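**Q** protein37.pdb is reproduced below (PDB, C-alpha atoms and all ligand atoms).
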```
ATOM      1  CA  ILE A  27     173.557 -14.135 235.858
ATOM      2  CA  ASP A  28     176.147 -16.396 234.265
ATOM      3  CA  VAL A  29     178.688 -16.751 237.096
ATOM      4  CA  VAL A  30     178.860 -16.078 240.820
ATOM      5  CA  LEU A  31     182.005 -15.193 242.738
ATOM      6  CA  THR A  32     182.758 -17.357 245.777
ATOM      7  CA  LYS A  33     184.328 -15.899 248.938
ATOM      8  CA  THR A  34     187.769 -16.901 247.628
ATOM      9  CA  GLY A  35     187.201 -15.053 244.391
ATOM     10  CA  GLU A  36     186.606 -18.215 242.400
ATOM     11  CA  GLU A  37     184.127 -17.937 239.555
ATOM     12  CA  LEU A  38     181.474 -20.628 239.593
ATOM     13  CA  PRO A  39     179.257 -21.089 236.563
ATOM     14  CA  VAL A  40     175.589 -20.960 237.274
ATOM     15  CA  ASN A  41     172.936 -22.630 235.212
ATOM     16  CA  VAL A  42     170.712 -19.926 233.932
ATOM     17  CA  GLY A  43     167.147 -21.072 233.948
ATOM     18  CA  ARG A  44     163.674 -19.640 233.651
ATOM     19  CA  VAL A  45     160.796 -20.033 236.008
ATOM     20  CA  ILE A  46     157.472 -20.118 234.287
ATOM     21  CA  ILE A  47     154.457 -19.689 236.476
ATOM     22  CA  MET A  48     151.208 -20.712 234.903
ATOM     23  CA  LYS A  49     147.942 -20.088 236.554
ATOM     24  CA  ASN A  50     144.564 -21.154 235.370
ATOM     25  CA  ILE A  51     142.422 -18.039 235.581
ATOM     26  CA  THR A  52     139.281 -19.539 234.063
ATOM     27  CA  HIS A  53     137.736 -19.673 237.510
ATOM     28  CA  PHE A  54     138.374 -15.933 238.088
ATOM     29  CA  LEU A  55     137.017 -15.040 234.670
ATOM     30  CA  GLU A  56     133.903 -17.105 235.348
ATOM     31  CA  GLN A  57     133.482 -15.413 238.725
ATOM     32  CA  ASP A  58     133.823 -12.005 237.077
ATOM     33  CA  GLU A  59     131.274 -12.918 234.447
ATOM     34  CA  ALA A  60     128.887 -14.237 237.093
ATOM     35  CA  LYS A  61     129.263 -10.968 239.012
ATOM     36  CA  THR A  62     128.511  -8.894 235.931
ATOM     37  CA  ASN A  63     125.494 -11.068 235.068
ATOM     38  CA  PHE A  64     124.282 -10.706 238.634
ATOM     39  CA  ILE A  65     124.573  -6.895 238.439
ATOM     40  CA  ALA A  66     122.727  -6.909 235.106
ATOM     41  CA  THR A  67     119.863  -8.991 236.541
ATOM     42  CA  ILE A  68     119.534  -6.914 239.698
ATOM     43  CA  SER A  69     119.566  -3.590 237.861
ATOM     44  CA  HIS A  70     117.018  -4.897 235.412
ATOM     45  CA  GLU A  71     114.755  -6.170 238.223
ATOM     46  CA  LEU A  72     115.008  -2.831 240.028
ATOM     47  CA  LYS A  73     113.718  -0.868 237.053
ATOM     48  CA  THR A  74     110.012  -1.632 237.615
ATOM     49  CA  PRO A  75     109.851  -0.875 241.377
ATOM     50  CA  ILE A  76     111.828   2.335 240.823
ATOM     51  CA  SER A  77     109.413   3.458 238.103
ATOM     52  CA  SER A  78     106.465   2.815 240.387
ATOM     53  CA  LEU A  79     108.200   4.719 243.214
ATOM     54  CA  ARG A  80     108.672   7.699 240.906
ATOM     55  CA  LEU A  81     105.085   7.543 239.744
ATOM     56  CA  ASN A  82     103.718   7.362 243.289
ATOM     57  CA  LEU A  83     105.872  10.276 244.399
ATOM     58  CA  LYS A  84     104.563  12.281 241.476
ATOM     59  CA  LEU A  85     100.992  11.432 242.479
ATOM     60  CA  LEU A  86     101.665  12.409 246.094
ATOM     61  CA  ASP A  87     102.922  15.739 244.871
ATOM     62  CA  ASP A  88      99.763  16.280 242.848
ATOM     63  CA  SER A  89      97.566  18.884 244.509
ATOM     64  CA  ARG A  90      94.415  16.971 243.515
ATOM     65  CA  ILE A  91      95.235  14.344 246.153
ATOM     66  CA  GLY A  92      95.243  16.875 248.963
ATOM     67  CA  SER A  93      97.263  19.858 250.008
ATOM     68  CA  LEU A  94     100.676  19.361 251.542
ATOM     69  CA  ASN A  95     102.404  21.558 254.041
ATOM     70  CA  GLU A  96     105.887  22.953 253.333
ATOM     71  CA  GLU A  97     107.637  20.274 255.368
ATOM     72  CA  GLN A  98     105.841  17.473 253.520
ATOM     73  CA  LYS A  99     106.679  19.109 250.187
ATOM     74  CA  GLU A 100     110.354  19.272 251.118
ATOM     75  CA  LEU A 101     110.344  15.613 252.151
ATOM     76  CA  ILE A 102     108.771  14.596 248.857
ATOM     77  CA  GLN A 103     111.316  16.672 246.954
ATOM     78  CA  ALA A 104     114.159  14.950 248.835
ATOM     79  CA  LEU A 105     112.631  11.542 248.076
ATOM     80  CA  LYS A 106     112.292  12.461 244.403
ATOM     81  CA  GLU A 107     115.959  13.425 244.210
ATOM     82  CA  GLU A 108     117.087  10.211 245.904
ATOM     83  CA  THR A 109     114.855   8.120 243.643
ATOM     84  CA  HIS A 110     116.277   9.903 240.624
ATOM     85  CA  LYS A 111     119.771   9.047 241.828
ATOM     86  CA  ILE A 112     118.905   5.355 242.373
ATOM     87  CA  SER A 113     117.337   5.312 238.943
ATOM     88  CA  SER A 114     120.461   6.699 237.242
ATOM     89  CA  ILE A 115     122.756   4.332 239.149
ATOM     90  CA  THR A 116     120.713   1.291 238.128
ATOM     91  CA  SER A 117     120.414   2.294 234.505
ATOM     92  CA  GLU A 118     124.154   3.100 234.310
ATOM     93  CA  LEU A 119     124.979  -0.225 236.008
ATOM     94  CA  LEU A 120     122.786  -2.032 233.520
ATOM     95  CA  ASP A 121     124.483  -0.270 230.585
ATOM     96  CA  LEU A 122     127.895  -1.148 231.931
ATOM     97  CA  ALA A 123     127.020  -4.780 232.672
ATOM     98  CA  GLN A 124     125.501  -5.181 229.219
ATOM     99  CA  VAL A 125     128.528  -3.796 227.472
ATOM    100  CA  GLU A 126     130.920  -5.823 229.675
ATOM    101  CA  THR A 127     129.135  -9.096 228.972
ATOM    102  CA  GLY A 128     128.890  -8.268 225.293
ATOM    103  CA  ASN A 129     125.097  -8.228 225.574
ATOM    104  CA  ILE A 130     124.866  -4.899 223.909
ATOM    105  CA  SER A 131     124.734  -4.747 220.189
ATOM    106  CA  LEU A 132     126.610  -1.900 218.663
ATOM    107  CA  ASP A 133     125.097  -0.521 215.523
ATOM    108  CA  PHE A 134     128.208   0.193 213.441
ATOM    109  CA  LYS A 135     127.669   2.489 210.479
ATOM    110  CA  ALA A 136     129.312   5.304 208.569
ATOM    111  CA  VAL A 137     128.617   8.283 210.825
ATOM    112  CA  PRO A 138     129.460  11.915 210.033
ATOM    113  CA  PRO A 139     130.841  13.633 213.171
ATOM    114  CA  SER A 140     128.309  16.457 212.708
ATOM    115  CA  GLU A 141     125.531  13.919 213.461
ATOM    116  CA  ILE A 142     127.009  13.328 216.933
ATOM    117  CA  ILE A 143     127.186  17.078 217.549
ATOM    118  CA  ARG A 144     123.553  17.415 216.437
ATOM    119  CA  TYR A 145     122.468  14.754 218.965
ATOM    120  CA  VAL A 146     124.155  16.427 221.924
ATOM    121  CA  THR A 147     123.605  20.124 221.237
ATOM    122  CA  LYS A 148     120.165  20.454 222.816
ATOM    123  CA  PRO A 149     120.701  18.487 226.051
ATOM    124  CA  ALA A 150     124.156  20.032 226.481
ATOM    125  CA  THR A 151     122.921  23.614 226.078
ATOM    126  CA  ASN A 152     120.029  22.924 228.452
ATOM    127  CA  HIS A 153     122.453  21.702 231.106
ATOM    128  CA  ALA A 154     124.752  24.663 230.420
ATOM    129  CA  LYS A 155     121.864  27.086 231.040
ATOM    130  CA  ASP A 156     121.439  25.747 234.593
ATOM    131  CA  LYS A 157     125.039  26.724 235.373
ATOM    132  CA  HIS A 158     125.140  29.812 233.125
ATOM    133  CA  ALA A 159     127.948  28.076 231.278
ATOM    134  CA  GLN A 160     128.916  28.749 227.690
ATOM    135  CA  ILE A 161     129.528  25.958 225.221
ATOM    136  CA  ARG A 162     131.596  26.483 222.085
ATOM    137  CA  PHE A 163     131.636  23.911 219.286
ATOM    138  CA  LYS A 164     134.432  23.936 216.716
ATOM    139  CA  LEU A 165     134.349  21.422 213.882
ATOM    140  CA  ALA A 166     137.095  21.184 211.308
ATOM    141  CA  GLU A 167     135.767  21.133 207.733
ATOM    142  CA  PRO A 168     135.495  18.783 205.961
ATOM    143  CA  LEU A 169     135.392  15.852 208.382
ATOM    144  CA  PRO A 170     135.383  12.240 207.198
ATOM    145  CA  GLU A 171     132.796   9.701 208.350
ATOM    146  CA  MET A 172     133.590   7.501 211.321
ATOM    147  CA  TYR A 173     132.983   3.792 211.781
ATOM    148  CA  CYS A 174     130.951   3.724 214.972
ATOM    149  CA  ASP A 175     127.603   3.498 216.760
ATOM    150  CA  SER A 176     126.188   7.018 216.713
ATOM    151  CA  GLU A 177     123.975   6.636 219.792
ATOM    152  CA  LYS A 178     126.767   5.296 222.019
ATOM    153  CA  THR A 179     129.207   7.886 220.733
ATOM    154  CA  ALA A 180     126.743  10.691 221.426
ATOM    155  CA  TRP A 181     126.229   9.246 224.923
ATOM    156  CA  VAL A 182     129.976   9.479 225.583
ATOM    157  CA  LEU A 183     130.288  13.018 224.246
ATOM    158  CA  LEU A 184     127.306  14.197 226.270
ATOM    159  CA  ASN A 185     128.681  12.550 229.395
ATOM    160  CA  LEU A 186     131.987  14.392 228.956
ATOM    161  CA  ILE A 187     130.206  17.711 228.359
ATOM    162  CA  ASN A 188     127.917  17.163 231.363
ATOM    163  CA  ASN A 189     130.954  16.441 233.542
ATOM    164  CA  ALA A 190     132.730  19.532 232.216
ATOM    165  CA  ILE A 191     129.725  21.675 233.161
ATOM    166  CA  GLN A 192     129.081  19.923 236.479
ATOM    167  CA  TYR A 193     132.636  20.110 237.837
ATOM    168  CA  SER A 194     133.294  23.699 236.706
ATOM    169  CA  PRO A 195     132.168  26.788 238.567
ATOM    170  CA  GLU A 196     129.160  28.813 237.349
ATOM    171  CA  GLN A 197     129.591  30.865 234.143
ATOM    172  CA  SER A 198     132.431  28.721 232.942
ATOM    173  CA  GLN A 199     133.335  27.908 229.344
ATOM    174  CA  VAL A 200     133.340  24.471 227.738
ATOM    175  CA  HIS A 201     135.068  24.034 224.383
ATOM    176  CA  ILE A 202     134.314  21.106 222.115
ATOM    177  CA  GLU A 203     136.614  20.505 219.177
ATOM    178  CA  VAL A 204     136.368  17.848 216.495
ATOM    179  CA  LYS A 205     139.081  17.192 213.939
ATOM    180  CA  GLN A 206     140.769  14.431 211.989
ATOM    181  CA  VAL A 207     143.980  13.040 213.454
ATOM    182  CA  ASN A 208     145.667  10.482 211.167
ATOM    183  CA  ASN A 209     143.228   7.603 210.699
ATOM    184  CA  SER A 210     140.806   8.785 213.373
ATOM    185  CA  VAL A 211     138.378  11.498 214.240
ATOM    186  CA  GLN A 212     139.299  13.182 217.522
ATOM    187  CA  PHE A 213     136.750  14.712 219.886
ATOM    188  CA  MET A 214     137.990  17.019 222.630
ATOM    189  CA  VAL A 215     136.005  18.448 225.539
ATOM    190  CA  ARG A 216     137.937  21.136 227.369
ATOM    191  CA  ASP A 217     136.861  22.796 230.577
ATOM    192  CA  PHE A 218     138.335  25.441 232.849
ATOM    193  CA  GLY A 219     137.251  23.798 236.090
ATOM    194  CA  PRO A 220     139.259  22.351 238.977
ATOM    195  CA  GLY A 221     141.315  19.906 236.882
ATOM    196  CA  ILE A 222     142.273  16.394 237.954
ATOM    197  CA  GLU A 223     145.474  15.505 239.789
ATOM    198  CA  GLU A 224     147.737  13.159 237.845
ATOM    199  CA  LYS A 225     147.417  10.372 240.420
ATOM    200  CA  TYR A 226     143.663  10.137 239.733
ATOM    201  CA  GLN A 227     143.763  10.398 235.942
ATOM    202  CA  GLN A 228     143.667   6.620 235.342
ATOM    203  CA  GLN A 229     141.365   5.819 238.238
ATOM    204  CA  ILE A 230     138.540   8.083 237.089
ATOM    205  CA  PHE A 231     137.868   5.566 234.287
ATOM    206  CA  GLU A 232     137.274   2.796 236.839
ATOM    207  CA  LYS A 233     133.828   1.820 238.084
ATOM    208  CA  PHE A 234     132.564   3.908 241.027
ATOM    209  CA  PHE A 235     135.767   5.916 241.382
ATOM    210  CA  ARG A 236     135.188   9.573 242.220
ATOM    211  CA  VAL A 237     137.933  12.070 243.042
ATOM    212  CA  PRO A 238     137.662  12.864 246.763
ATOM    213  CA  GLY A 239     135.679  16.046 247.327
ATOM    214  CA  SER A 240     133.770  15.852 244.025
ATOM    215  CA  GLY A 241     130.413  16.621 245.628
ATOM    216  CA  GLN A 242     127.334  14.511 246.146
ATOM    217  CA  LYS A 243     126.004  14.421 242.616
ATOM    218  CA  GLY A 244     127.377  11.555 240.566
ATOM    219  CA  THR A 245     127.759   7.799 240.495
ATOM    220  CA  GLY A 246     131.350   7.359 239.349
ATOM    221  CA  LEU A 247     130.097   5.214 236.462
ATOM    222  CA  GLY A 248     129.930   7.640 233.521
ATOM    223  CA  LEU A 249     133.599   7.475 232.537
ATOM    224  CA  ALA A 250     133.774   3.692 233.058
ATOM    225  CA  ILE A 251     130.840   3.303 230.642
ATOM    226  CA  SER A 252     132.412   5.817 228.235
ATOM    227  CA  LYS A 253     135.636   3.819 228.218
ATOM    228  CA  GLU A 254     133.783   0.569 227.490
ATOM    229  CA  PHE A 255     131.741   2.203 224.703
ATOM    230  CA  ILE A 256     134.820   3.719 223.067
ATOM    231  CA  THR A 257     137.112   0.690 223.329
ATOM    232  CA  LYS A 258     134.354  -1.580 222.000
ATOM    233  CA  GLN A 259     134.314   0.748 218.975
ATOM    234  CA  PHE A 260     138.079   0.328 218.443
ATOM    235  CA  GLY A 261     138.787   3.787 219.860
ATOM    236  CA  ASP A 262     140.730   5.395 222.690
ATOM    237  CA  ILE A 263     139.723   7.723 225.493
ATOM    238  CA  TRP A 264     141.946   9.673 227.864
ATOM    239  CA  VAL A 265     142.313  12.869 229.861
ATOM    240  CA  GLU A 266     144.971  15.568 229.990
ATOM    241  CA  SER A 267     144.750  17.794 232.998
ATOM    242  CA  SER A 268     146.560  19.477 235.820
ATOM    243  CA  ALA A 269     144.985  20.433 239.110
ATOM    244  CA  GLY A 270     143.656  23.983 239.052
ATOM    245  CA  GLU A 271     143.960  24.338 235.281
ATOM    246  CA  GLY A 272     140.926  22.552 233.893
ATOM    247  CA  SER A 273     140.727  19.275 232.033
ATOM    248  CA  SER A 274     140.682  18.149 228.422
ATOM    249  CA  PHE A 275     139.028  14.830 227.706
ATOM    250  CA  PHE A 276     139.759  13.249 224.325
ATOM    251  CA  PHE A 277     138.435  10.323 222.398
ATOM    252  CA  HIS A 278     139.338   8.924 219.009
ATOM    253  CA  LEU A 279     137.193   6.863 216.685
ATOM    254  CA  PRO A 280     138.384   5.200 213.492
ATOM    255  CA  LEU A 281     137.461   6.398 210.040
ATOM    256  CA  TYR A 282     134.837   4.477 208.115
ATOM    257  CA  LYS A 283     137.165   3.965 205.167
ATOM    258  CA  ARG A 284     139.319   1.654 207.322
ATOM    259  CA  ARG A 285     136.512  -0.850 207.307
ATOM    260  CA  ILE A 286     136.951  -3.159 204.334
ATOM    261  CA  GLY A 287     134.230  -5.712 203.599
ATOM    262  CA  SER A 288     133.071  -7.218 206.859
ATOM    263  CA  GLN A 289     136.600  -6.918 208.313
ATOM    264  CA  TYR A 290     137.816  -4.035 210.361
ATOM    265  CA  GLN A 291     141.377  -2.994 209.456
ATOM    266  CA  VAL A 292     143.259  -2.030 212.610
TER     267      VAL A 292
HETATM  268  P1  LIG B   1     130.427  10.950 238.125
HETATM  269  O1  LIG B   1     130.578  12.241 237.412
HETATM  270  O2  LIG B   1     129.047  10.387 238.099
HETATM  271  O3  LIG B   1     131.009  10.965 239.504
HETATM  272  P2  LIG B   1     132.281   9.883 236.140
HETATM  273  O4  LIG B   1     132.711   8.469 235.912
HETATM  274  O5  LIG B   1     131.696  10.618 234.996
HETATM  275  O6  LIG B   1     131.288   9.822 237.368
HETATM  276  O7  LIG B   1     133.536  10.700 236.669
HETATM  277  C1  LIG B   1     134.361  10.134 237.682
HETATM  278  C2  LIG B   1     135.038  11.224 238.489
HETATM  279  O8  LIG B   1     136.002  11.913 237.693
HETATM  280  C3  LIG B   1     134.088  12.314 238.986
HETATM  281  O9  LIG B   1     133.449  11.927 240.175
HETATM  282  C4  LIG B   1     135.055  13.468 239.188
HETATM  283  O10 LIG B   1     135.711  13.285 240.436
HETATM  284  C5  LIG B   1     136.090  13.283 238.089
HETATM  285  N1  LIG B   1     135.799  14.106 236.907
HETATM  286  C6  LIG B   1     135.172  13.709 235.771
HETATM  287  N2  LIG B   1     135.123  14.714 234.877
HETATM  288  C7  LIG B   1     135.726  15.773 235.455
HETATM  289  C8  LIG B   1     136.001  17.116 235.034
HETATM  290  N3  LIG B   1     135.639  17.565 233.823
HETATM  291  N4  LIG B   1     136.660  17.927 235.909
HETATM  292  C9  LIG B   1     137.050  17.497 237.112
HETATM  293  N5  LIG B   1     136.816  16.239 237.572
HETATM  294  C10 LIG B   1     136.165  15.386 236.758
END
```
Translate this file's structure into C-alpha cells.
**A**
Amino acid sequence: IDVVLTKTGEELPVNVGRVIIMKNITHFLEQDEAKTNFIATISHELKTPISSLRLNLKLLDDSRIGSLNEEQKELIQALKEETHKISSITSELLDLAQVETGNISLDFKAVPPSEIIRYVTKPATNHAKDKHAQIRFKLAEPLPEMYCDSEKTAWVLLNLINNAIQYSPEQSQVHIEVKQVNNSVQFMVRDFGPGIEEKYQQQIFEKFFRVPGSGQKGTGLGLAISKEFITKQFGDIWVESSAGEGSSFFFHLPLYKRRIGSQYQV
C-alpha cells in the first residue's frame, strides 16, 4: 500500500515497511531431537523383553510342556499376535528414530534395479499367496544403475507391495513397473484396491497416520519410514490415487552416473 484515502478523499502517503519476525527455534529442534533419541532408546530397550516374551509363548505352545485345551490355545494365539504387533511397532519405531537422528548409515553404491526386484520377489509372492493375489513385474530394458542403498530401497518397495496386497480385496492384482525417467529410475506399485481420498494423500506419509477404517493390522509407520529412506537417498516418493479406483505409489532414485567423485550432483 502506497497511499490511503481519507474520508475527505485526500490521499495520504503511507510509509511502506516490512515486519520481520525472527524466532529462535533451536529449543524446539533440541526438543524434537530429544524426543527422537528417547524413542530410539525405548524401542531398543524393549527388544530384549519382547524377544523373551515371544520365546516363552512359543514354549507354552509346545506340546512337550503339557497339553492345552482349545481355550488356552486360542488365548496363546491371541497373545502371539499381539506380541508380534508390539515387536513390529518397536522395530519400525527404532528404524524411524535411527534414520531421523542420522544414526543410520546408508550404504550407497551403484545398484542395478533388477537387484531390488530380486530381493523382494520371494517375500512379496509369499504374501500374495495368502491373499490369492497376483503380482506382475515389468522392468524396462536396459535399466541404468542407481545411486542408493539396496537394502533400504528393497525395504521400501516391499512395504509398498505389502500395503498394496493388504489393502486390496482377495484375488487382486498388483503391478510393479520400473523404468528410467530423466535422471532417475522410477518404481511404481499399482493396486486395484480401495484407493485413497485426496485429503489423506499427504497424511499417509506421516508417523502413525492411518486412513480411518483401514482395519486393525498396521502401525501407520511404514510409509513414514519409506519417505525418510527415500529422501535420505536424494529421491522422491508420492501417491496418485482416487477413492474406489486403486492407488499407484511411485518413488524415484537418482542414477549412479550423477555421482561424481565423492560429490553428489543434484
Ligand atoms: P500401515 O499399513 O502399517 O497402517 P503405512 O504407513 O504403510 O502404515 O500406511 C499408512 C496408511 O495409508 C494405511 O494405514 C492405509 O490407511 C493407507 N494405505 C497405505 N497403502 C495403501 C494402499 N495401497 N491402498 C489403500 N490405502 C493404503
**Q** List the spatial neighbours of stretch 121-127 of chain A as a PyMOL selection string - criterion: any atom at most 10 Å away, all atoms listed in the file, same-chain residues fewer than 4 positions off excluded.
**A** chain A and resi 58-67+69+115-117+131-132+233+247-248+250-255+258
**Q** Edge lengths and centre, in Å to one decimal, as JSON: that's what I need for the box along x, y and z that holds all listed atoms of ligand LIG 1 (chain B) plus 4 Å on each side.
**A**
```
{"center_x": 133.0, "center_y": 13.2, "center_z": 237.1, "size_x": 16.0, "size_y": 17.5, "size_z": 14.6}
```
**Q** Name the residues in contact with stretch 211-216 of chain A at a cut-off of 6 Å, using all atoms listed in the file, excluding same-chain residues fewer than 3 positions from it; report them as a short mmCIF file (atom, residue, chain, number, x, y, z; two decimals) with C-alpha atoms, in the frame of the given file.
**A**
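Heads up, here's the output in part-v9.cif:
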```
data_model
loop_
_atom_site.label_atom_id
_atom_site.label_comp_id
_atom_site.auth_asym_id
_atom_site.auth_seq_id
_atom_site.Cartn_x
_atom_site.Cartn_y
_atom_site.Cartn_z
CA VAL A 200 133.34 24.47 227.74
CA HIS A 201 135.07 24.03 224.38
CA ILE A 202 134.31 21.11 222.12
CA GLU A 203 136.61 20.50 219.18
CA VAL A 204 136.37 17.85 216.50
CA LYS A 205 139.08 17.19 213.94
CA GLN A 206 140.77 14.43 211.99
CA VAL A 207 143.98 13.04 213.45
CA SER A 273 140.73 19.27 232.03
CA SER A 274 140.68 18.15 228.42
CA PHE A 275 139.03 14.83 227.71
CA PHE A 276 139.76 13.25 224.32
CA PHE A 277 138.44 10.32 222.40
CA HIS A 278 139.34 8.92 219.01
CA LEU A 279 137.19 6.86 216.68
#
```
**Q** Any chance you could tabulate, as CSV, the residues of chain A at most 8 Å from ligand LIG 1 (chain B) with each one's nearest atom pair and distance in Å to one decimal, using all atoms listed in the file, in chain and rising number order?
**A**
```
residue,atom,partner,partner_atom,distance
A:Asn185,CA,B:LIG1,O5,6.6
A:Leu186,CA,B:LIG1,N2,6.7
A:Ile187,CA,B:LIG1,N3,7.7
A:Asn189,CA,B:LIG1,N2,4.7
A:Ala190,CA,B:LIG1,N3,3.9
A:Ile191,CA,B:LIG1,N3,7.2
A:Gln192,CA,B:LIG1,N3,7.5
A:Tyr193,CA,B:LIG1,N4,5.0
A:Ser194,CA,B:LIG1,N4,6.7
A:Arg216,CA,B:LIG1,N3,7.7
A:Asp217,CA,B:LIG1,N3,6.3
A:Gly219,CA,B:LIG1,N4,5.9
A:Pro220,CA,B:LIG1,C9,5.6
A:Gly221,CA,B:LIG1,C9,4.9
A:Ile222,CA,B:LIG1,C9,5.4
A:Ile230,CA,B:LIG1,O8,4.6
A:Phe231,CA,B:LIG1,O4,6.1
A:Glu232,CA,B:LIG1,O4,7.3
A:Lys233,CA,B:LIG1,O4,7.1
A:Phe234,CA,B:LIG1,O4,6.9
A:Phe235,CA,B:LIG1,C1,5.8
A:Arg236,CA,B:LIG1,O9,3.6
A:Val237,CA,B:LIG1,O10,3.6
A:Pro238,CA,B:LIG1,O10,6.6
A:Gly239,CA,B:LIG1,O10,7.4
A:Ser240,CA,B:LIG1,O10,4.8
A:Gly241,CA,B:LIG1,O9,7.8
A:Lys243,CA,B:LIG1,O2,6.8
A:Gly244,CA,B:LIG1,O2,3.2
A:Thr245,CA,B:LIG1,O2,3.8
A:Gly246,CA,B:LIG1,O6,3.2
A:Leu247,CA,B:LIG1,O4,4.2
A:Gly248,CA,B:LIG1,O4,3.8
A:Leu249,CA,B:LIG1,O4,3.6
A:Ala250,CA,B:LIG1,O4,5.7
A:Ile251,CA,B:LIG1,O4,7.6
A:Gly272,CA,B:LIG1,N4,6.6
A:Ser273,CA,B:LIG1,N3,5.7
A:Ser274,CA,B:LIG1,N3,7.4
A:Phe275,CA,B:LIG1,N3,7.5
```
**Q** For A:Asn209, which of A:Met172, A:Lys164, A:Thr74, A:Asn50 is the closest residue, counting all atoms listed in the file?
**A**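 Closest residue, counting all atoms listed in the file: A:Met172.
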**Q** Can you work out the spacing between atom CA of A:Ser210 and atom CA of A:Cys174 in Å, to one decimal?
**A**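 Atom CA of A:Ser210 sits 11.2 Å away from atom CA of A:Cys174.
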**Q** Neighbouring residues of A:Val137 were defined as those with any atom within 9 Å, considering all atoms listed in the file; residues of the same chain fewer than 5 positions away were excluded. Please report them as a PyMOL selection string.
**A** chain A and resi 142+170-176+282
**Q** Rank nothing, just name the residue among A:Lys135, A:Lys106, A:Lys49, A:Arg162 nearest to A:Gln259, using all atoms listed in the file.
**A** A:Lys135
**Q** Atom CA of A:Asp262 to atom CA of A:Ile51: how many Å, to one decimal?
**A**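 Atom CA of A:Ile51 lies at a distance of 26.8 Å from atom CA of A:Asp262.
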**Q** Of the candidates A:Arg80, A:Pro138, A:Thr52, A:Gly92, which shows the shortest atom-to-atom distance to A:Ile112, using only C-alpha atoms?
**A** A:Arg80
**Q** From the set A:Ala159, A:Ala166, A:Val182, A:Leu83, which residue has the shortest atom-to-atom contact distance to A:Tyr145, counting all atoms listed in the file?
**A**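 For A:Tyr145, the nearest of the candidates is A:Val182.
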**Q** Would you please work out which residue, of A:Glu141, A:Glu100, A:Ile130, A:Ser77, is nearest to A:Ser114 when using only C-alpha atoms?
**A**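 Among A:Glu141, A:Glu100, A:Ile130, A:Ser77, it is A:Ser77 that comes nearest to A:Ser114.
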**Q** So what do you get for atom CA of A:Thr147 versus atom CA of A:Trp181, distance-wise?
**A**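 Straight-line distance from atom CA of A:Thr147 to atom CA of A:Trp181 works out to 11.8 Å.
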**Q** From the set A:Lys283, A:Lys111, A:Lys178, A:Lys148, which residue has the shortest atom-to-atom contact distance to A:Ile161, counting only C-alpha atoms?
**A**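 Closest residue, counting only C-alpha atoms: A:Lys148.
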**Q** Evaluate the PyMOL selection byres (((chain A and resi 155) around 12) and not hetatm) on the structure here and hand back the selected residues as a VMD selection string.
**A** chain A and resid 148 to 154 156 to 161 188 191 to 192 196 to 199
**Q** Could you write out the selected residues, including C-alpha atoms, as a short mmCIF file (atom, residue, chain, number, x, y, z; two decimals), keeping the file's coordinate frame?
**A**
```
data_model
loop_
_atom_site.label_atom_id
_atom_site.label_comp_id
_atom_site.auth_asym_id
_atom_site.auth_seq_id
_atom_site.Cartn_x
_atom_site.Cartn_y
_atom_site.Cartn_z
CA LYS A 148 120.16 20.45 222.82
CA PRO A 149 120.70 18.49 226.05
CA ALA A 150 124.16 20.03 226.48
CA THR A 151 122.92 23.61 226.08
CA ASN A 152 120.03 22.92 228.45
CA HIS A 153 122.45 21.70 231.11
CA ALA A 154 124.75 24.66 230.42
CA ASP A 156 121.44 25.75 234.59
CA LYS A 157 125.04 26.72 235.37
CA HIS A 158 125.14 29.81 233.12
CA ALA A 159 127.95 28.08 231.28
CA GLN A 160 128.92 28.75 227.69
CA ILE A 161 129.53 25.96 225.22
CA ASN A 188 127.92 17.16 231.36
CA ILE A 191 129.72 21.68 233.16
CA GLN A 192 129.08 19.92 236.48
CA GLU A 196 129.16 28.81 237.35
CA GLN A 197 129.59 30.86 234.14
CA SER A 198 132.43 28.72 232.94
CA GLN A 199 133.34 27.91 229.34
#
```
